[in-house]
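Enquirer: For reference, the structure I am asking about is given below.
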Amino acid sequence: MKTDCQFLIIDDNEVDQLVTQQLLKKDFGAVEVAHAGNGIEAMQWIQDLKSNLPNSLVILLDVRMPLMDGFQFLDAFEALNEDFKKMTKIIMLSSTLDPRDIEQAEAHKNVIQLFSKPLPVKQLHELI
Amino acid sequence: MHPKISSITPRNVIVLIGIIFLASAVLIVINYYTILITSGVRAYINGESQYSKGQKDASRNLLLYLDTHDTLYFNRFRKELSVNIGDSIVRVGLTTGADESIVRAGLTAGRNHPDDHSDMIWLFKNFGNISFMKRAIALWKEADYIILQEYRLAEEAHRKILQGQLTAADKAEYVTKITEFTTGLTIREREFSGVLGAAARTVNDWLFITNVVMTLLIIGSASGYAMVMIHRLREKNADLSRTNHELDKFVYSASHDLRAPISSLSGLIEIAMVEGDVTQIKSYLALMKTTLGKQDEFIREIIDFSRNKRTVVHRKEVNLDTLFDQVVARHQYMPGAHDIAIRKEITDPVLWVDSLRLEIVMNNIISNAIKYHDKSKEEKYILIKSYRKNGMRVIEIADNGQGILKEYHEKIFDMFFVTPNNQKGSGLGLYITKETITRLKGTIRVESESRTGSNFIINIPA
């Protein structure tokens, strides 16, 4: 089951991308981790995936990004087909302190949890 | 912004207040003089009735004297007629400009109330040549002449009675004449009161109209003034809440940007701690250094931002050539800085400008030019040009770096706007640059093409 799990990190900060990837690898072992610099790149990645769907997908989504931020991505995600949405888990990952962001993330039906950076891997493991 | 608000200038407010004051002053003056006039008119009408009563009583006593030859009646006649003679003295005195004490003595003799004396004198002096008063005085003069004739007739009759020469024919003639005098006087007395009464009513009508107009003017101006003030308060409130909102946004964005590198560092430490490979650990350390450098830059920007907001503009002599060199030297350790050629085309390098603010501007533009240089180009350069044009100082900072896409030209000066690139700016640098130039009463614009380079053109009074 573990190996069938695909990760997608959506974050514009390359250092944070690296950190999150390393943390995932440390805990989940050999997993597939993909990167996207913002919401648009992430949507493109999903489009390209179509024919080659994994068993399950975990998206680690940053809040603040250029061009298409985390919440705009969530809106775009909403328009995707139900099957894809069902097998996808979205976890938001941010260093935001803005209560409006936190509230919005927690209230969003497609978001499982908002974690503060760096990624608390153990908690993530328990969650999925 | 709002058409209604832009029309409310401080000058308009002064005009409104001016109208209120002027209208109030006019109202007070007009009411004061109207009271004086009506009070004077009332006193004259009252005086007229005393005059009329005096003359009628005198005539009655004179007729009794002619019948009875009793000097008691003659004395009463004289006493009553003294009222008319007193008024006559007043008229002659005021017409010829006699001493006021004589006039006042006449008024007292005319049985006018002492409190009315001043108003009567004032009205005569100031309105003596005005139509209604002129007519009244003319009637008064005619009446006085009749009184004089009656007095002379009485003296003649008295002399004849004392000498026992009064015949029945004389008596009959006197009675006829006295009746004629009374009739003539009655006509004049009525007209006198009528003229003054009509004048008082006209004055009252005008007073009422003036009061209404002035009151409306005052109410109108006061409401206008109140509306202006309410409008201003609303504007101020809107401004304040906008500022608060901006501040809120700024605090959260800034705290996020301050916290983000800490999260990154803490993540890097976490992965470094479990890493055994020294080379890998070193690469993490290098990333930590870059992250720290960015945070340091961000803190500097925040300080520049608040400095520009709070400090007053302080102009002094600045050498642009030297300042530019200093700024470039400060950035020499940035990655890639060594490969970039610095060119200068500065005519007349001495400027009269706020040096601190000019430095903030130069720092931001130069550091951007270095940060976003184009590695693919053989000869990388930054060129500063400065010259005077239309009384302004123009500073152009051009480079052949990565350039900026047309669609971002408008946005790059907005707070927290970041273009998608691999350098991750804070979105404050160019915002601060523009704010700072605005404080210097200048302008900044960009000419740029992606992959070709950028040129920032600054216009400042210096």
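Ordering of the structure tokens sets the chain letters (A, B, ...), residue numbers begin anew at 1 in every chain, and ligands are numbered from 1 in the order given.
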Mind running chain B against chain A at 8 Å and telling me each contacting residue's nearest atom pair with the distance in Å (one decimal), counting only C-alpha atoms, chain and number ascending, as CSV?
Expert:
```
residue,atom,partner,partner_atom,distance
B:Tyr252,CA,A:Asp98,CA,5.4
B:Ser253,CA,A:Asp98,CA,7.9
B:Ser255,CA,A:Leu97,CA,7.2
B:His256,CA,A:Thr96,CA,5.1
B:Arg259,CA,A:Ser95,CA,6.3
B:Ala260,CA,A:Ser95,CA,5.5
B:Ser263,CA,A:Lys117,CA,5.3
B:Ser264,CA,A:Asp16,CA,5.6
B:Ser266,CA,A:Pro118,CA,6.7
B:Gly267,CA,A:Pro118,CA,4.9
B:Leu268,CA,A:Val19,CA,5.9
B:Ile271,CA,A:Leu23,CA,6.6
B:Leu287,CA,A:Val15,CA,7.0
B:Val418,CA,A:Pro66,CA,6.4
B:Thr419,CA,A:Pro66,CA,6.6
B:Pro420,CA,A:Pro66,CA,5.7
B:Lys424,CA,A:Asn13,CA,7.2
```
Enquirer: At a cut-off of 12 Å, using only C-alpha atoms, what residues contact Arg42 (chain B)? Leave out same-chain residues fewer than 4 positions from it and give the result as a PDB file with N, CA and C atoms, in the first residue's frame.
Expert:
```pdb
ATOM      1  N   THR B  34     -34.262  98.507  12.887  1.00  0.00           N
ATOM      2  CA  THR B  34     -35.710  98.426  12.743  1.00  0.00           C
ATOM      3  C   THR B  34     -36.397  98.709  14.074  1.00  0.00           C
ATOM      4  N   ILE B  35     -35.804  98.153  15.133  1.00  0.00           N
ATOM      5  CA  ILE B  35     -36.371  98.414  16.467  1.00  0.00           C
ATOM      6  C   ILE B  35     -36.317  99.914  16.767  1.00  0.00           C
ATOM      7  N   LEU B  36     -35.188 100.540  16.444  1.00  0.00           N
ATOM      8  CA  LEU B  36     -35.039 101.994  16.656  1.00  0.00           C
ATOM      9  C   LEU B  36     -36.109 102.761  15.875  1.00  0.00           C
ATOM     10  N   ILE B  37     -36.269 102.395  14.596  1.00  0.00           N
ATOM     11  CA  ILE B  37     -37.222 103.118  13.735  1.00  0.00           C
ATOM     12  C   ILE B  37     -38.648 102.947  14.259  1.00  0.00           C
ATOM     13  N   THR B  38     -39.040 101.687  14.507  1.00  0.00           N
ATOM     14  CA  THR B  38     -40.431 101.463  14.940  1.00  0.00           C
ATOM     15  C   THR B  38     -40.688 102.092  16.301  1.00  0.00           C
ATOM     16  N   ASN B  46     -47.555 108.503  19.417  1.00  0.00           N
ATOM     17  CA  ASN B  46     -47.964 108.783  20.795  1.00  0.00           C
ATOM     18  C   ASN B  46     -47.923 110.286  21.074  1.00  0.00           C
ATOM     19  N   GLY B  47     -46.834 110.938  20.589  1.00  0.00           N
ATOM     20  CA  GLY B  47     -46.673 112.394  20.764  1.00  0.00           C
ATOM     21  C   GLY B  47     -47.796 113.143  20.058  1.00  0.00           C
ATOM     22  N   GLU B  48     -48.169 112.598  18.908  1.00  0.00           N
ATOM     23  CA  GLU B  48     -49.244 113.231  18.130  1.00  0.00           C
ATOM     24  C   GLU B  48     -50.539 113.235  18.925  1.00  0.00           C
ATOM     25  N   SER B  49     -50.818 112.116  19.617  1.00  0.00           N
ATOM     26  CA  SER B  49     -52.080 112.063  20.377  1.00  0.00           C
ATOM     27  C   SER B  49     -52.050 113.043  21.550  1.00  0.00           C
ATOM     28  N   ASN B 112     -44.039 113.991  26.147  1.00  0.00           N
ATOM     29  CA  ASN B 112     -43.484 112.749  25.604  1.00  0.00           C
ATOM     30  C   ASN B 112     -42.724 112.037  26.711  1.00  0.00           C
ATOM     31  N   HIS B 113     -42.806 110.701  26.757  1.00  0.00           N
ATOM     32  CA  HIS B 113     -42.142 109.927  27.818  1.00  0.00           C
ATOM     33  C   HIS B 113     -40.633 110.082  27.690  1.00  0.00           C
ATOM     34  N   ASP B 116     -38.551 107.862  25.522  1.00  0.00           N
ATOM     35  CA  ASP B 116     -38.708 107.943  24.064  1.00  0.00           C
ATOM     36  C   ASP B 116     -37.889 109.061  23.438  1.00  0.00           C
ATOM     37  N   HIS B 117     -37.425 109.994  24.263  1.00  0.00           N
ATOM     38  CA  HIS B 117     -36.771 111.192  23.725  1.00  0.00           C
ATOM     39  C   HIS B 117     -35.649 110.876  22.734  1.00  0.00           C
ATOM     40  N   ASP B 119     -34.929 108.142  20.998  1.00  0.00           N
ATOM     41  CA  ASP B 119     -35.394 107.516  19.749  1.00  0.00           C
ATOM     42  C   ASP B 119     -36.008 108.561  18.813  1.00  0.00           C
ATOM     43  N   MET B 120     -36.773 109.501  19.419  1.00  0.00           N
ATOM     44  CA  MET B 120     -37.439 110.535  18.598  1.00  0.00           C
ATOM     45  C   MET B 120     -36.414 111.447  17.954  1.00  0.00           C
ATOM     46  N   LEU B 123     -34.561 109.460  15.167  1.00  0.00           N
ATOM     47  CA  LEU B 123     -35.373 109.269  13.956  1.00  0.00           C
ATOM     48  C   LEU B 123     -35.445 110.560  13.146  1.00  0.00           C
ATOM     49  N   PHE B 192     -50.721 112.793   9.727  1.00  0.00           N
ATOM     50  CA  PHE B 192     -49.418 112.592  10.369  1.00  0.00           C
ATOM     51  C   PHE B 192     -49.302 111.151  10.868  1.00  0.00           C
ATOM     52  N   SER B 193     -50.299 110.701  11.636  1.00  0.00           N
ATOM     53  CA  SER B 193     -50.297 109.334  12.170  1.00  0.00           C
ATOM     54  C   SER B 193     -50.344 108.308  11.055  1.00  0.00           C
ATOM     55  N   GLY B 194     -51.160 108.640  10.035  1.00  0.00           N
ATOM     56  CA  GLY B 194     -51.293 107.706   8.908  1.00  0.00           C
ATOM     57  C   GLY B 194     -49.972 107.488   8.204  1.00  0.00           C
ATOM     58  N   VAL B 195     -49.268 108.588   7.906  1.00  0.00           N
ATOM     59  CA  VAL B 195     -47.988 108.500   7.192  1.00  0.00           C
ATOM     60  C   VAL B 195     -46.998 107.664   7.991  1.00  0.00           C
ATOM     61  N   LEU B 196     -46.898 107.980   9.288  1.00  0.00           N
ATOM     62  CA  LEU B 196     -45.934 107.260  10.122  1.00  0.00           C
ATOM     63  C   LEU B 196     -46.320 105.788  10.278  1.00  0.00           C
ATOM     64  N   GLY B 197     -47.624 105.549  10.478  1.00  0.00           N
ATOM     65  CA  GLY B 197     -48.098 104.166  10.641  1.00  0.00           C
ATOM     66  C   GLY B 197     -47.800 103.331   9.408  1.00  0.00           C
ATOM     67  N   ALA B 198     -48.068 103.930   8.205  1.00  0.00           N
ATOM     68  CA  ALA B 198     -47.797 103.207   6.956  1.00  0.00           C
ATOM     69  C   ALA B 198     -46.316 102.883   6.845  1.00  0.00           C
ATOM     70  N   ALA B 199     -45.485 103.895   7.216  1.00  0.00           N
ATOM     71  CA  ALA B 199     -44.034 103.680   7.151  1.00  0.00           C
ATOM     72  C   ALA B 199     -43.632 102.528   8.066  1.00  0.00           C
ATOM     73  N   ALA B 200     -44.196 102.519   9.274  1.00  0.00           N
ATOM     74  CA  ALA B 200     -43.852 101.456  10.231  1.00  0.00           C
ATOM     75  C   ALA B 200     -44.244 100.091   9.675  1.00  0.00           C
ATOM     76  N   ARG B 201     -45.409 100.038   9.028  1.00  0.00           N
ATOM     77  CA  ARG B 201     -45.855  98.742   8.477  1.00  0.00           C
ATOM     78  C   ARG B 201     -44.937  98.277   7.339  1.00  0.00           C
TER      79      ARG B 201
END
```
Enquirer: Near Ile9 (chain A), counting only C-alpha atoms, which residues have an atom at most 8 Å away, once you skip same-chain residues fewer than 3 positions from it, shown as number ranges by chain?
Expert: A: 17, 20-21, 33-36, 59-61
Enquirer: Record the distance separating CA of Ala58 (chain B) and CA of Phe132 (chain B), expressed in Å with one decimal.
Expert: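 Result for CA of Ala58 (chain B) versus CA of Phe132 (chain B): 28.8 Å, one decimal.
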Enquirer: Near region 41-44 of chain A, within 9 Å and counting only C-alpha atoms, which residues show up once chain neighbours fewer than 5 positions away are dropped, as a list of chain:residue names?
Expert: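 What passes the distance filter is A:Leu8, A:Ile9, A:Ile10, A:His35, A:Ala36, A:Leu49, A:Met68, A:Phe73, A:Ala76, A:Phe77.
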Enquirer: Take the residues that were just selected and, keeping N, CA and C atoms, output them as a PDB file, in the first residue's frame.
Expert:
```pdb
ATOM      1  N   LEU A   8       2.699  14.725  -4.051  1.00  0.00           N
ATOM      2  CA  LEU A   8       2.939  15.918  -4.881  1.00  0.00           C
ATOM      3  C   LEU A   8       3.152  17.115  -3.952  1.00  0.00           C
ATOM      4  N   ILE A   9       4.306  17.719  -4.030  1.00  0.00           N
ATOM      5  CA  ILE A   9       4.594  18.907  -3.209  1.00  0.00           C
ATOM      6  C   ILE A   9       4.377  20.148  -4.073  1.00  0.00           C
ATOM      7  N   ILE A  10       3.471  21.010  -3.633  1.00  0.00           N
ATOM      8  CA  ILE A  10       3.265  22.273  -4.371  1.00  0.00           C
ATOM      9  C   ILE A  10       3.796  23.402  -3.501  1.00  0.00           C
ATOM     10  N   HIS A  35       7.146  17.491  -7.799  1.00  0.00           N
ATOM     11  CA  HIS A  35       7.186  18.897  -7.365  1.00  0.00           C
ATOM     12  C   HIS A  35       6.431  19.782  -8.344  1.00  0.00           C
ATOM     13  N   ALA A  36       5.823  20.816  -7.766  1.00  0.00           N
ATOM     14  CA  ALA A  36       5.254  21.869  -8.612  1.00  0.00           C
ATOM     15  C   ALA A  36       5.508  23.206  -7.916  1.00  0.00           C
ATOM     16  N   LEU A  49      -1.000  13.407 -15.782  1.00  0.00           N
ATOM     17  CA  LEU A  49      -1.102  12.138 -15.056  1.00  0.00           C
ATOM     18  C   LEU A  49      -2.191  11.227 -15.616  1.00  0.00           C
ATOM     19  N   MET A  68      -0.731  31.230  -8.978  1.00  0.00           N
ATOM     20  CA  MET A  68      -1.932  30.580  -8.451  1.00  0.00           C
ATOM     21  C   MET A  68      -1.586  30.067  -7.061  1.00  0.00           C
ATOM     22  N   PHE A  73      -5.707  27.118  -6.089  1.00  0.00           N
ATOM     23  CA  PHE A  73      -5.530  25.740  -6.555  1.00  0.00           C
ATOM     24  C   PHE A  73      -6.701  24.867  -6.080  1.00  0.00           C
ATOM     25  N   ALA A  76      -9.555  25.254  -8.335  1.00  0.00           N
ATOM     26  CA  ALA A  76      -9.334  24.551  -9.600  1.00  0.00           C
ATOM     27  C   ALA A  76      -9.506  23.049  -9.392  1.00  0.00           C
ATOM     28  N   PHE A  77      -9.049  22.570  -8.242  1.00  0.00           N
ATOM     29  CA  PHE A  77      -9.124  21.146  -7.907  1.00  0.00           C
ATOM     30  C   PHE A  77     -10.584  20.690  -7.842  1.00  0.00           C
TER      31      PHE A  77
END
```
Enquirer: If you measure from CA of Arg190 (chain B) to CA of Ala138 (chain B), what distance in Å do you get, rounded to one decimal?
Expert: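 Between CA of Arg190 (chain B) and CA of Ala138 (chain B) the gap works out to 13.3 Å.
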Enquirer: Using Å and a single decimal, report how far CA of Asp170 (chain B) sits from CA of Lys56 (chain B).
Expert: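 Here the two named atoms are 20.9 Å from each other.
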Enquirer: Closest to Gly70 (chain A) among A:Leu53, A:Ile90, A:Leu124, A:Val31, using only C-alpha atoms?
Expert: A:Ile90
Enquirer: Hey, what does DSSP flag as strand (DSSP E) within region 9-125 of chain A? Can you give it to me as a PyMOL selection string?
Expert: chain A and resi 9-10+32-36+56-61+88-94+111-116
Enquirer: Please identify which residues in chain A DSSP calls alpha helix (DSSP H) from the backbone, and express them as an MDAnalysis selection string.
Expert: chainID A and resid 14:28 39:49 70:78 82:86 99:107 121:127
Enquirer: Mind checking which residues fall within 7 Å of Thr433 (chain B), counting only C-alpha atoms, ignoring those fewer than 3 positions away in the same chain, and posting them as an MDAnalysis selection string?
Expert: chainID B and resid 360:361 364 429:430 436:437
Enquirer: Can you write out the residues you just picked, keeping N, CA and C atoms, as a PDB file, in the first residue's frame?
Expert:
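To be explicit, this is the file written out as selection33.pdb:
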```pdb
ATOM      1  N   ILE B 360      18.234  54.251  -0.683  1.00  0.00           N
ATOM      2  CA  ILE B 360      17.256  53.150  -0.622  1.00  0.00           C
ATOM      3  C   ILE B 360      16.855  52.741  -2.038  1.00  0.00           C
ATOM      4  N   VAL B 361      16.572  53.770  -2.861  1.00  0.00           N
ATOM      5  CA  VAL B 361      16.138  53.529  -4.242  1.00  0.00           C
ATOM      6  C   VAL B 361      17.227  52.797  -5.031  1.00  0.00           C
ATOM      7  N   ASN B 364      17.853  49.089  -3.989  1.00  0.00           N
ATOM      8  CA  ASN B 364      16.849  48.145  -4.474  1.00  0.00           C
ATOM      9  C   ASN B 364      17.020  47.845  -5.956  1.00  0.00           C
ATOM     10  N   GLY B 429      10.698  45.202  -2.224  1.00  0.00           N
ATOM     11  CA  GLY B 429      11.768  46.056  -2.750  1.00  0.00           C
ATOM     12  C   GLY B 429      11.297  47.167  -3.667  1.00  0.00           C
ATOM     13  N   LEU B 430      10.604  46.812  -4.753  1.00  0.00           N
ATOM     14  CA  LEU B 430      10.177  47.838  -5.713  1.00  0.00           C
ATOM     15  C   LEU B 430       9.010  48.671  -5.166  1.00  0.00           C
ATOM     16  N   THR B 436       9.257  55.523  -1.862  1.00  0.00           N
ATOM     17  CA  THR B 436      10.335  56.451  -1.526  1.00  0.00           C
ATOM     18  C   THR B 436      10.415  57.569  -2.564  1.00  0.00           C
ATOM     19  N   ILE B 437      10.317  57.203  -3.826  1.00  0.00           N
ATOM     20  CA  ILE B 437      10.376  58.213  -4.883  1.00  0.00           C
ATOM     21  C   ILE B 437       9.165  59.142  -4.799  1.00  0.00           C
TER      22      ILE B 437
END
```
